[in-house]
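query36.txt (compact mmCIF, C-alpha atoms)
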# COMPACT_ATOMS: atom_id res chain seq x y z
CA MET A 1 8.73 -11.53 18.84
CA LEU A 2 8.29 -12.18 15.12
CA PRO A 3 4.68 -13.51 15.32
CA TRP A 4 3.68 -10.46 17.37
CA ILE A 5 5.41 -8.12 14.92
CA ILE A 6 3.51 -9.74 12.04
CA LEU A 7 0.24 -9.38 13.96
CA GLY A 8 1.11 -5.74 14.51
CA ILE A 9 1.65 -5.30 10.76
CA VAL A 10 -1.75 -6.93 10.11
CA ILE A 11 -3.52 -4.57 12.53
CA LEU A 12 -1.69 -1.58 11.07
CA ALA A 13 -2.61 -2.63 7.52
CA LEU A 14 -6.31 -2.74 8.43
CA ASN A 15 -6.03 0.98 9.25
CA LEU A 16 -4.22 2.05 6.07
CA ARG A 17 -7.13 2.01 3.60
CA ALA A 18 -10.37 1.58 5.56
CA PRO A 19 -10.59 5.24 6.73
CA ILE A 20 -10.50 6.60 3.18
CA ILE A 21 -12.80 3.91 1.75
CA ALA A 22 -15.54 4.31 4.38
CA PRO A 23 -17.04 7.57 2.98
CA THR A 24 -17.45 6.09 -0.50
CA ALA A 25 -20.19 3.76 0.80
CA ILE A 26 -22.38 6.64 2.06
CA LEU A 27 -21.55 9.67 -0.10
CA PRO A 28 -25.21 10.71 -0.63
CA ALA A 29 -25.81 10.80 3.14
CA ILE A 30 -22.62 12.81 3.70
CA GLN A 31 -23.62 15.26 0.97
CA GLU A 32 -27.05 15.71 2.50
CA GLY A 33 -25.57 16.26 5.96
CA THR A 34 -22.79 18.64 4.96
CA GLY A 35 -24.00 20.33 1.79
CA PHE A 36 -20.82 19.38 -0.05
CA SER A 37 -20.71 19.84 -3.80
CA ALA A 38 -19.54 17.00 -6.03
CA ALA A 39 -16.01 18.44 -5.86
CA GLY A 40 -16.15 18.52 -2.06
CA LEU A 41 -17.24 14.89 -1.97
CA GLY A 42 -14.36 14.03 -4.27
CA LEU A 43 -11.92 15.47 -1.73
CA LEU A 44 -13.05 12.91 0.85
CA THR A 45 -11.28 10.23 -1.18
CA GLY A 46 -9.00 12.28 -3.42
CA LEU A 47 -7.32 14.41 -0.74
CA PRO A 48 -5.70 11.48 1.11
CA VAL A 49 -4.29 10.06 -2.13
CA LEU A 50 -2.91 13.47 -3.06
CA LEU A 51 -1.26 13.69 0.36
CA PHE A 52 0.22 10.22 -0.15
CA ALA A 53 2.24 11.80 -2.95
CA LEU A 54 2.96 15.25 -1.57
CA ALA A 55 3.78 14.24 2.02
CA THR A 56 5.75 11.08 1.23
CA PRO A 57 9.21 12.77 1.17
CA LEU A 58 8.53 14.28 4.62
CA ALA A 59 7.34 10.90 5.89
CA GLY A 60 10.64 9.32 4.88
CA LYS A 61 12.57 11.96 6.85
CA PHE A 62 10.22 11.54 9.82
CA ILE A 63 10.98 7.81 9.99
CA THR A 64 14.73 8.30 9.61
CA ARG A 65 14.83 10.86 12.41
CA LEU A 66 12.37 9.42 14.96
CA GLY A 67 12.41 5.71 14.19
CA ALA A 68 9.90 3.13 13.05
CA GLU A 69 8.12 2.65 16.39
CA ALA A 70 7.41 6.36 16.90
CA THR A 71 6.18 6.54 13.30
CA VAL A 72 3.71 3.70 13.83
CA LEU A 73 2.32 5.42 16.93
CA ALA A 74 2.06 8.73 15.04
CA CYS A 75 0.26 6.98 12.17
CA LEU A 76 -2.35 5.29 14.34
CA SER A 77 -2.83 8.37 16.52
CA GLY A 78 -3.39 10.48 13.41
CA VAL A 79 -5.91 8.03 11.99
CA LEU A 80 -7.75 7.99 15.32
CA VAL A 81 -7.85 11.79 15.71
CA GLY A 82 -8.65 12.41 12.05
CA THR A 83 -11.50 9.90 12.03
CA ILE A 84 -13.07 11.49 15.10
CA LEU A 85 -12.72 15.04 13.76
CA ARG A 86 -14.19 14.01 10.41
CA SER A 87 -17.21 12.59 12.20
CA VAL A 88 -18.14 15.35 14.64
CA GLY A 89 -17.52 18.72 13.04
CA PRO A 90 -18.88 21.09 10.40
CA PRO A 91 -17.90 20.65 6.74
CA TRP A 92 -14.53 22.39 7.08
CA LEU A 93 -13.61 20.14 9.99
CA VAL A 94 -14.66 17.09 7.98
CA LEU A 95 -12.02 18.09 5.41
CA VAL A 96 -9.43 18.82 8.11
CA GLY A 97 -10.01 15.37 9.60
CA THR A 98 -9.70 13.85 6.14
CA GLY A 99 -6.37 15.63 5.64
CA ILE A 100 -5.05 14.38 8.99
CA ILE A 101 -6.04 10.85 8.00
CA GLY A 102 -4.17 11.22 4.71
CA LEU A 103 -1.01 12.46 6.42
CA ALA A 104 -1.18 9.71 9.03
CA ILE A 105 -1.65 6.94 6.48
CA THR A 106 1.30 8.33 4.49
CA LEU A 107 3.49 7.58 7.51
CA GLY A 108 2.09 4.05 7.66
CA ASN A 109 2.67 3.48 3.94
CA ILE A 110 6.37 4.24 4.35
CA VAL A 111 7.06 2.60 7.71
CA VAL A 112 5.74 -0.89 6.93
CA PRO A 113 8.55 -1.77 4.45
CA VAL A 114 11.05 -0.53 7.05
CA ILE A 115 9.61 -2.81 9.73
CA ILE A 116 9.49 -5.76 7.33
CA ARG A 117 13.12 -5.24 6.30
CA ARG A 118 14.29 -4.98 9.91
CA GLU A 119 12.25 -7.75 11.52
CA VAL A 120 11.42 -10.38 8.89
CA PRO A 121 13.92 -12.97 7.58
CA TRP A 122 14.65 -12.17 3.96
CA GLU A 123 13.15 -15.44 2.66
CA GLN A 124 9.80 -14.51 4.29
CA VAL A 125 9.68 -10.91 3.08
CA SER A 126 7.37 -11.65 0.12
CA MET A 127 4.92 -13.60 2.27
CA VAL A 128 4.67 -10.92 4.94
CA THR A 129 4.36 -8.20 2.29
CA GLY A 130 1.56 -10.22 0.67
CA LEU A 131 -0.18 -10.52 4.03
CA TYR A 132 0.15 -6.75 4.49
CA SER A 133 -1.34 -6.09 1.04
CA ALA A 134 -4.18 -8.57 1.58
CA MET A 135 -5.10 -7.05 4.94
CA MET A 136 -5.42 -3.61 3.36
CA ASN A 137 -7.89 -5.07 0.84
CA ILE A 138 -9.76 -6.97 3.55
CA GLY A 139 -10.01 -3.78 5.60
CA SER A 140 -11.38 -1.95 2.58
CA MET A 141 -13.98 -4.64 1.90
CA ALA A 142 -15.08 -4.78 5.52
CA THR A 143 -15.51 -1.02 5.53
CA LEU A 144 -17.53 -1.03 2.32
CA ILE A 145 -19.79 -3.77 3.63
CA GLY A 146 -20.24 -2.39 7.13
CA THR A 147 -20.49 1.39 6.71
CA GLY A 148 -23.85 1.42 4.91
CA PRO A 149 -25.76 -0.59 7.55
CA LEU A 150 -24.13 1.44 10.33
CA ALA A 151 -25.24 4.67 8.65
CA GLU A 152 -28.82 3.42 8.30
CA ALA A 153 -28.90 2.45 11.97
CA PHE A 154 -27.01 5.34 13.61
CA GLY A 155 -26.41 8.04 10.97
CA TRP A 156 -23.43 8.78 8.76
CA ARG A 157 -21.34 10.48 11.45
CA TRP A 158 -21.46 7.49 13.80
CA ALA A 159 -20.86 5.16 10.85
CA LEU A 160 -17.58 6.93 10.05
CA ALA A 161 -16.62 7.30 13.70
CA ALA A 162 -17.06 3.57 14.35
CA TRP A 163 -13.94 2.77 12.32
CA ALA A 164 -11.85 4.75 14.80
CA GLY A 165 -12.12 1.59 16.87
CA LEU A 166 -9.63 -0.11 14.55
CA ALA A 167 -7.09 2.64 15.15
CA PHE A 168 -7.71 2.53 18.90
CA VAL A 169 -7.06 -1.23 19.00
CA GLY A 170 -3.95 -0.82 16.84
CA LEU A 171 -2.60 1.97 19.00
CA GLY A 172 -3.05 -0.08 22.17
CA PHE A 173 -1.47 -3.17 20.63
CA TRP A 174 1.60 -1.32 19.35
CA MET A 175 2.13 0.52 22.65
CA VAL A 176 2.24 -2.81 24.47
CA LEU A 177 4.44 -4.36 21.76
CA ILE A 178 6.92 -1.50 21.89
CA ARG A 179 7.03 -1.60 25.69
CA VAL A 180 7.78 -5.35 25.67
CA ARG A 181 10.44 -4.85 23.02
CA VAL A 182 12.16 -2.06 24.94
CA ARG A 183 12.17 -4.16 28.12
CA ARG A 184 13.67 -7.17 26.32
CA GLU A 185 16.32 -5.06 24.63
CA GLY A 186 17.22 -3.54 27.98
CA GLU A 187 17.59 -6.96 29.53
CA ALA A 188 19.73 -8.13 26.61
CA ALA A 189 21.94 -5.04 26.90
CA ARG A 190 22.45 -5.62 30.63
CA ALA A 191 23.28 -9.28 30.00
CA ALA A 192 25.78 -8.30 27.30
CA ALA A 193 27.38 -5.77 29.64
CA ALA A 194 27.68 -8.43 32.35
CA GLU A 195 29.32 -10.85 29.92
CA SER A 196 31.73 -8.14 28.80
CA ALA A 197 32.64 -7.37 32.39
CA ASP A 198 33.40 -11.07 32.96
CA GLY A 199 35.77 -11.05 30.00
CA ALA A 200 33.59 -13.23 27.78
CA PRO A 201 33.60 -12.35 24.08
CA ASN A 202 30.42 -10.70 22.83
CA THR A 203 30.34 -11.07 19.07
CA GLU A 204 26.76 -9.86 18.74
CA ALA A 205 27.49 -6.57 20.50
CA ALA A 206 30.54 -6.09 18.29
CA ALA A 207 28.60 -6.54 15.07
CA PRO A 208 28.01 -3.19 13.35
CA VAL A 209 24.48 -2.11 12.52
CA ALA A 210 23.93 -1.03 8.92
CA LYS A 211 22.93 2.65 8.86
CA GLN A 212 23.85 3.62 5.34
CA SER A 213 21.97 6.63 4.05
CA TRP A 214 20.44 6.98 0.58
CA ALA A 215 23.56 8.87 -0.54
CA GLU A 216 25.64 5.79 0.28
CA ALA A 217 23.41 3.38 -1.66
CA PRO A 218 25.12 1.58 -4.56
CA ALA A 219 24.26 2.60 -8.11
CA SER A 220 22.69 -0.81 -8.79
CA PHE A 221 20.20 -0.28 -5.93
CA ARG A 222 19.41 3.24 -7.16
CA LEU A 223 18.66 1.83 -10.61
CA ILE A 224 16.24 -0.70 -9.13
CA ILE A 225 14.40 2.05 -7.26
CA ALA A 226 14.22 4.23 -10.38
CA LEU A 227 12.66 1.31 -12.24
CA LEU A 228 10.23 0.67 -9.38
CA ILE A 229 9.09 4.30 -9.46
CA ILE A 230 7.92 3.77 -13.04
CA THR A 231 6.54 0.33 -12.19
CA PHE A 232 4.45 1.61 -9.28
CA SER A 233 3.30 4.60 -11.34
CA GLY A 234 1.98 2.14 -13.93
CA GLN A 235 0.42 0.01 -11.19
CA SER A 236 -1.27 3.01 -9.55
CA THR A 237 -2.50 4.45 -12.84
CA ALA A 238 -4.10 1.16 -13.85
CA TYR A 239 -5.55 0.55 -10.39
CA TYR A 240 -7.07 3.97 -9.73
CA VAL A 241 -8.39 4.50 -13.27
CA THR A 242 -10.04 1.07 -13.16
CA THR A 243 -11.42 1.59 -9.65
CA THR A 244 -12.85 4.99 -10.59
CA TRP A 245 -14.30 4.29 -14.03
CA LEU A 246 -14.99 0.56 -14.37
CA PRO A 247 -18.62 0.85 -13.14
CA SER A 248 -19.27 3.66 -15.64
CA TYR A 249 -17.64 1.65 -18.43
CA LEU A 250 -19.82 -1.34 -17.63
CA GLY A 251 -22.94 0.81 -17.60
CA ASP A 252 -22.17 2.59 -20.89
CA THR A 253 -20.66 -0.30 -22.86
CA ILE A 254 -22.35 -3.42 -21.49
CA GLY A 255 -25.58 -1.78 -20.34
CA LEU A 256 -25.38 -3.04 -16.76
CA ALA A 257 -27.54 -1.44 -14.10
CA PRO A 258 -25.64 0.49 -11.42
CA THR A 259 -26.04 -2.29 -8.85
CA ALA A 260 -24.80 -4.97 -11.25
CA ALA A 261 -21.96 -2.75 -12.44
CA GLY A 262 -20.88 -2.10 -8.86
CA GLY A 263 -21.04 -5.80 -8.03
CA THR A 264 -18.89 -6.69 -11.02
CA ALA A 265 -16.41 -3.93 -10.21
CA SER A 266 -16.10 -5.36 -6.69
CA LEU A 267 -14.53 -8.46 -8.24
CA PHE A 268 -11.58 -6.23 -9.08
CA GLN A 269 -11.10 -5.52 -5.36
CA ILE A 270 -11.85 -9.00 -4.00
CA ALA A 271 -9.55 -10.82 -6.42
CA ALA A 272 -6.62 -8.74 -5.15
CA ILE A 273 -6.36 -11.07 -2.17
CA LEU A 274 -5.48 -13.95 -4.50
CA GLY A 275 -2.69 -11.92 -6.04
CA ALA A 276 -1.37 -10.73 -2.69
CA PHE A 277 -0.87 -14.31 -1.49
CA GLY A 278 -0.10 -15.86 -4.88
CA VAL A 279 3.03 -13.80 -5.53
CA PRO A 280 4.82 -14.92 -2.32
CA LEU A 281 4.00 -18.57 -3.04
CA LEU A 282 5.49 -18.24 -6.52
CA ALA A 283 8.50 -16.32 -5.22
CA VAL A 284 9.47 -19.24 -2.97
CA LYS A 285 9.75 -21.69 -5.87
CA THR A 286 10.77 -19.52 -8.84
CA LYS A 287 13.20 -16.82 -9.93
CA PRO A 288 12.28 -13.29 -8.74
CA TRP A 289 11.17 -12.20 -12.20
CA VAL A 290 8.64 -15.02 -12.70
CA PRO A 291 5.89 -13.67 -10.38
CA VAL A 292 6.30 -10.21 -11.94
CA ALA A 293 5.92 -11.72 -15.42
CA ILE A 294 2.71 -13.53 -14.44
CA VAL A 295 1.31 -10.39 -12.81
CA ALA A 296 2.21 -8.40 -15.93
CA VAL A 297 0.30 -10.81 -18.19
CA LEU A 298 -2.74 -10.59 -15.90
CA TRP A 299 -2.53 -6.80 -15.84
CA LEU A 300 -2.33 -6.62 -19.64
CA SER A 301 -5.36 -8.91 -19.93
CA LEU A 302 -7.58 -6.23 -18.37
CA PRO A 303 -7.39 -3.47 -21.02
CA VAL A 304 -6.79 -5.89 -23.90
CA GLY A 305 -9.73 -8.04 -22.82
CA LEU A 306 -12.11 -5.11 -22.38
CA LEU A 307 -11.12 -3.80 -25.83
CA ALA A 308 -11.25 -7.14 -27.66
CA ALA A 309 -13.94 -9.10 -25.79
CA PRO A 310 -15.97 -6.77 -23.54
CA GLY A 311 -18.63 -9.43 -23.07
CA ALA A 312 -16.26 -11.33 -20.77
CA TYR A 313 -15.97 -8.30 -18.50
CA TRP A 314 -16.26 -10.41 -15.33
CA LEU A 315 -13.17 -12.39 -16.35
CA TRP A 316 -11.08 -9.29 -17.05
CA ALA A 317 -12.19 -7.69 -13.78
CA THR A 318 -11.01 -10.82 -11.97
CA THR A 319 -7.65 -11.15 -13.73
CA GLY A 320 -7.01 -7.43 -13.30
CA GLY A 321 -7.87 -7.71 -9.63
CA ILE A 322 -5.41 -10.56 -9.11
CA ALA A 323 -2.81 -8.44 -10.89
CA GLN A 324 -3.31 -5.35 -8.74
CA GLY A 325 -2.93 -7.32 -5.51
CA GLY A 326 0.07 -9.24 -6.84
CA GLY A 327 1.69 -6.16 -8.34
CA PHE A 328 1.69 -4.27 -5.05
CA THR A 329 3.20 -7.26 -3.26
CA ALA A 330 5.87 -7.78 -5.91
CA ILE A 331 6.96 -4.14 -5.91
CA PHE A 332 7.15 -3.69 -2.15
CA SER A 333 8.84 -7.04 -1.61
CA ILE A 334 11.78 -5.90 -3.73
CA ILE A 335 12.53 -2.78 -1.66
CA PRO A 336 13.27 -4.39 1.74
CA ARG A 337 15.13 -7.27 0.07
CA THR A 338 17.56 -4.97 -1.72
CA ALA A 339 17.97 -2.05 0.70
CA GLY A 340 21.12 -1.97 2.83
CA SER A 341 19.62 -0.22 5.86
CA ASP A 342 16.40 1.06 7.41
CA ALA A 343 17.23 4.56 6.18
CA GLN A 344 17.62 3.33 2.60
CA THR A 345 14.38 1.37 2.87
CA ALA A 346 12.46 4.44 4.06
CA SER A 347 14.00 6.68 1.41
CA ALA A 348 13.45 4.19 -1.41
CA SER A 349 9.86 3.51 -0.34
CA ALA A 350 9.18 7.25 -0.18
CA ARG A 351 10.52 7.78 -3.70
CA VAL A 352 8.52 4.89 -5.16
CA GLN A 353 5.31 5.92 -3.46
CA PHE A 354 5.69 9.59 -4.37
CA GLY A 355 5.75 8.68 -8.06
CA GLY A 356 2.98 6.11 -7.79
CA TYR A 357 0.53 8.19 -5.81
CA LEU A 358 1.17 11.29 -7.91
CA ALA A 359 0.11 9.19 -10.89
CA ALA A 360 -2.88 7.96 -8.87
CA THR A 361 -3.95 11.56 -8.31
CA LEU A 362 -3.62 12.69 -11.92
CA ALA A 363 -4.65 9.62 -13.92
CA PRO A 364 -8.38 9.22 -13.06
CA PRO A 365 -9.32 12.82 -13.98
CA PHE A 366 -7.29 12.50 -17.17
CA ALA A 367 -9.10 9.27 -18.03
CA GLY A 368 -12.42 11.03 -17.42
CA TRP A 369 -11.35 13.85 -19.71
CA LEU A 370 -10.38 11.32 -22.41
CA ASN A 371 -13.82 9.73 -22.12
CA THR A 372 -15.54 13.09 -22.53
CA ALA A 373 -13.25 14.29 -25.33
CA THR A 374 -13.58 11.10 -27.39
CA ALA A 375 -17.16 10.20 -26.40
CA GLY A 376 -16.09 6.65 -25.66
CA TRP A 377 -13.98 4.34 -23.52
CA THR A 378 -11.32 3.25 -26.01
CA ALA A 379 -8.91 6.07 -25.10
CA PRO A 380 -9.15 5.47 -21.32
CA LEU A 381 -8.56 1.75 -21.90
CA LEU A 382 -5.51 2.58 -24.00
CA LEU A 383 -4.26 4.68 -21.07
CA ILE A 384 -4.59 1.60 -18.83
CA LEU A 385 -2.80 -0.45 -21.49
CA ALA A 386 0.09 2.03 -21.58
CA ALA A 387 0.31 1.93 -17.78
CA THR A 388 0.37 -1.88 -17.67
CA LEU A 389 3.02 -1.97 -20.41
CA ALA A 390 5.15 0.37 -18.29
CA PHE A 391 4.61 -1.96 -15.33
CA THR A 392 5.66 -4.93 -17.45
CA ILE A 393 8.87 -3.48 -18.88
CA THR A 394 10.29 -1.76 -15.82
CA GLY A 395 8.92 -4.32 -13.35
CA LEU A 396 10.64 -7.21 -15.11
CA TRP A 397 13.85 -5.22 -15.40
CA ALA A 398 13.79 -4.35 -11.68
CA ALA A 399 13.01 -7.94 -10.67
CA ARG A 400 15.89 -9.27 -12.76
CA ARG A 401 18.24 -6.75 -11.15
CA ALA A 402 16.89 -7.61 -7.69
CA GLY A 403 17.86 -11.24 -8.25
CA GLY A 404 21.39 -10.17 -7.37
CA PHE A 405 20.30 -8.89 -3.94
CA PRO A 406 19.06 -11.99 -2.12
CA ARG A 407 20.20 -11.02 1.36
CA GLY A 408 19.19 -7.50 2.27
CA GLY A 409 21.33 -5.14 0.25
CA ARG A 410 24.40 -7.33 -0.43
CA GLU A 411 24.63 -7.65 -4.18
CA VAL A 412 25.80 -11.01 -5.52
CA LEU A 413 26.08 -12.48 -8.96
CA ASP A 414 22.72 -13.62 -10.30
CA PRO A 415 23.29 -17.00 -11.94
CA ASP A 416 20.28 -16.43 -14.13

So that I can check it, write out the structure of this file as C-alpha cells.
Amino acid sequence: MLPWIILGIVILALNLRAPIIAPTAILPAIQEGTGFSAAGLGLLTGLPVLLFALATPLAGKFITRLGAEATVLACLSGVLVGTILRSVGPPWLVLVGTGIIGLAITLGNIVVPVIIRREVPWEQVSMVTGLYSAMMNIGSMATLIGTGPLAEAFGWRWALAAWAGLAFVGLGFWMVLIRVRVRREGEAARAAAAESADGAPNTEAAAPVAKQSWAEAPASFRLIIALLIITFSGQSTAYYVTTTWLPSYLGDTIGLAPTAAGGTASLFQIAAILGAFGVPLLAVKTKPWVPVAIVAVLWLSLPVGLLAAPGAYWLWATTGGIAQGGGFTAIFSIIPRTAGSDAQTASASARVQFGGYLAATLAPPFAGWLNTATAGWTAPLLLILAATLAFTITGLWAARRAGGFPRGGREVLDPD
C-alpha cells in the first residue's frame, strides 16, 4: 500500500496551494468582473492564510475525533465545493468560496504529517515530506502558468473553476484507496480471528497501538514543538514577506520593469523544489541538525545579500528559494519522527502551523508599513533577517533535540 499512499499524498499536495494561488495570476480580470476594491482582492489570497492560523486548532481536533481518512475526504470535498462556488457566484459568494477553500486546506495542512507518521517508515519520513513540499510548489507553479491562458480563452470564472478538476481527481483516488484499505484490514482481522480460534499465537493483534494524547507527551517532545513554533514563524515571516514584496523591492531598488521583476521573483518559488528534495538527501547521510544548518545559512543569505550586494539579486532569490523549500521540509519532518501517536502528531502540527500562519498573516502588512514609514527597503529586509535568525537559532536547537527521537517518539540518547 505504501506506493499508493505516497501517490495519494502527492495528489493531495497538488490541491493544498493551487486554489489560493490561481487568483493571483488574473487579479485585474477578477476585479473587473466583480468590482472588488484592492482590499477585496487581497482577501482572495489573504483570507485562506488567515484561516490557516485561526482554524488550525479546530482542524487538529477534527482529525483526532474523525480520523485521517475522513479528514482527507473533507479537505478535498471542501476544495472542490469552494472552488466551484468561487467561480459561479456574485462577489459575496466568491469570498464565501474562498473561505471554504481556506478551511478545507487547513485540514489538509494538518492531516498530511499524521498520514506520513502512520504510514511511512521513519527513515523515509524526510524524503516523503520533501516530496509533499515539492508537489505543493509544483502545483502553485502550474496554476500560475496555466490560469492566465485559460482566462484569456474562456474567462476568469472558467479559469478558476478548471482547477476543481484536481480536487475531483484527488477525491476519487482517495475514496478508492480508503475502500481498498478497509477491505484489506477487514480480511486481515478475519484471518487473525481465525488464527486465534485455532489456538495459534497472534503477536501482531496483541501489540498495543500508541494513542497517547498531547497531555501525555513527554516534556522533551513539548520543548521541540515549542521551538518549532518559533522556527516556522520565522520561516513563514521570511517566505510571505519575500513573496509579497520582492517584486516591488526589485522595481524600486534595482529599477527592473514589472515583467523582469516578476520573472526574477519566480526564481524564489522555483528554487524551492531543490530545497524540498535536498534536505531529505542530506538527512540520510548526516546528523539531523546538518540540513537545518545549511538551510539556515541559505535563508540568511537572502536579506544579508540584498542589503550588502543588491546587484546579485538573482543569486539571493535563488538561495532564499532553496531555503524556503528546505526549511518547510526540515520542520515538518521533525514532527512525525518525534511524535508518539497520531493524536500527538495532529496536535503538534496544529500548534506549529497556528504560530507560523499567524505570522504569515501579520508580517507582510507590517513590512509594507515599514517600507512606507522609512521610505525604503532596509527596515523590511531587517525584518526578514530577524525572522531568519529566529529560524536558525530555534531550528538548530529543535533538530539537535530531535536527534534523540529516531524512531517515532521513543527518545534515546543522542551520541552527538

Any chance you could tabulate, as a Markdown table, the residues of range 342-415 of chain A at most 8 Å from range 291-307 of chain A with each one's nearest atom pair and distance in Å to one decimal, using only C-alpha atoms, in chain and rising number order?
| residue | atom | partner | partner_atom | distance |
| --- | --- | --- | --- | --- |
| A:Thr378 | CA | A:Leu307 | CA | 7.1 |
| A:Leu381 | CA | A:Pro303 | CA | 5.4 |
| A:Leu382 | CA | A:Pro303 | CA | 7.0 |
| A:Ile384 | CA | A:Pro303 | CA | 6.2 |
| A:Leu385 | CA | A:Pro303 | CA | 5.5 |
| A:Thr388 | CA | A:Leu300 | CA | 5.8 |
| A:Leu389 | CA | A:Leu300 | CA | 7.1 |
| A:Phe391 | CA | A:Ala296 | CA | 6.9 |
| A:Thr392 | CA | A:Ala296 | CA | 5.1 |
| A:Gly395 | CA | A:Val292 | CA | 6.6 |
| A:Leu396 | CA | A:Val292 | CA | 6.2 |
| A:Ala399 | CA | A:Val292 | CA | 7.2 |

Open item on the list: Show me, as JSON, numbers by chain, the residues that have an atom within 10 Å of Pro288 in chain A when counting all atoms listed in the file, minus same-chain residues fewer than 4 positions from it.
Closed with: {"A": [279, 280, 282, 283, 284, 292, 293, 330, 334, 396, 398, 399, 400, 401, 402, 403, 404, 406]}

Task: Point (9.6, 8.3, 14.4) neighbourhood (12 Å, only C-alpha atoms) written as a ChimeraX atom specification - done: /A:58-75,107-108,110-111,114,343,346

Please write the residues from the selection above to a file, keeping C-alpha atoms, as a short mmCIF file (atom, residue, chain, number, x, y, z; two decimals), in the frame of the given file.
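Once written, selection27.cif looks like this:
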data_model
loop_
_atom_site.label_atom_id
_atom_site.label_comp_id
_atom_site.auth_asym_id
_atom_site.auth_seq_id
_atom_site.Cartn_x
_atom_site.Cartn_y
_atom_site.Cartn_z
CA LEU A 58 8.53 14.28 4.62
CA ALA A 59 7.34 10.90 5.89
CA GLY A 60 10.64 9.32 4.88
CA LYS A 61 12.57 11.96 6.85
CA PHE A 62 10.22 11.54 9.82
CA ILE A 63 10.98 7.81 9.99
CA THR A 64 14.73 8.30 9.61
CA ARG A 65 14.83 10.86 12.41
CA LEU A 66 12.37 9.42 14.96
CA GLY A 67 12.41 5.71 14.19
CA ALA A 68 9.90 3.13 13.05
CA GLU A 69 8.12 2.65 16.39
CA ALA A 70 7.41 6.36 16.90
CA THR A 71 6.18 6.54 13.30
CA VAL A 72 3.71 3.70 13.83
CA LEU A 73 2.32 5.42 16.93
CA ALA A 74 2.06 8.73 15.04
CA CYS A 75 0.26 6.98 12.17
CA LEU A 107 3.49 7.58 7.51
CA GLY A 108 2.09 4.05 7.66
CA ILE A 110 6.37 4.24 4.35
CA VAL A 111 7.06 2.60 7.71
CA VAL A 114 11.05 -0.53 7.05
CA ALA A 343 17.23 4.56 6.18
CA ALA A 346 12.46 4.44 4.06
#

TODO: Excluding Pro91 in chain A and any residue of its chain fewer than 4 positions from it, enumerate the residues within 9 Å of it, using all atoms listed in the file, and give them as a PyMOL selection string.
DONE: chain A and resi 33-36+86+95-96

Open item on the list: When you count all atoms listed in the file, which of these residues is closest to Thr83 in chain A: A:Ile20, A:Ala373, A:Ala39, A:Ala271?
Closed with: A:Ile20

- [ ] Tell me, in Å to one decimal, how far CA of Gly172 in chain A is from CA of Leu7 in chain A.
- [x] 12.8 Å

Distance query Gly139 in chain A at most 7 Å, all atoms listed in the file, self and fewer than 4 positions along chain excluded, as a PDB file with C-alpha atoms, in the frame of the given file:
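Once everything was written out, this is out-v6.pdb:
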ATOM      1  CA  LEU A  14      -6.310  -2.740   8.430  1.00  0.00           C
ATOM      2  CA  ARG A  17      -7.130   2.010   3.600  1.00  0.00           C
ATOM      3  CA  ALA A  18     -10.370   1.580   5.560  1.00  0.00           C
ATOM      4  CA  MET A 135      -5.100  -7.050   4.940  1.00  0.00           C
ATOM      5  CA  THR A 143     -15.510  -1.020   5.530  1.00  0.00           C
TER       6      THR A 143
END

Task: Selection near Val94 in chain A, 12 Å with all atoms listed in the file, sequence-local residues under 2 positions removed, as a ChimeraX atom specification - done: /A:23,30-31,33-36,40-41,43-45,47,81-92,96-101,157,160-161
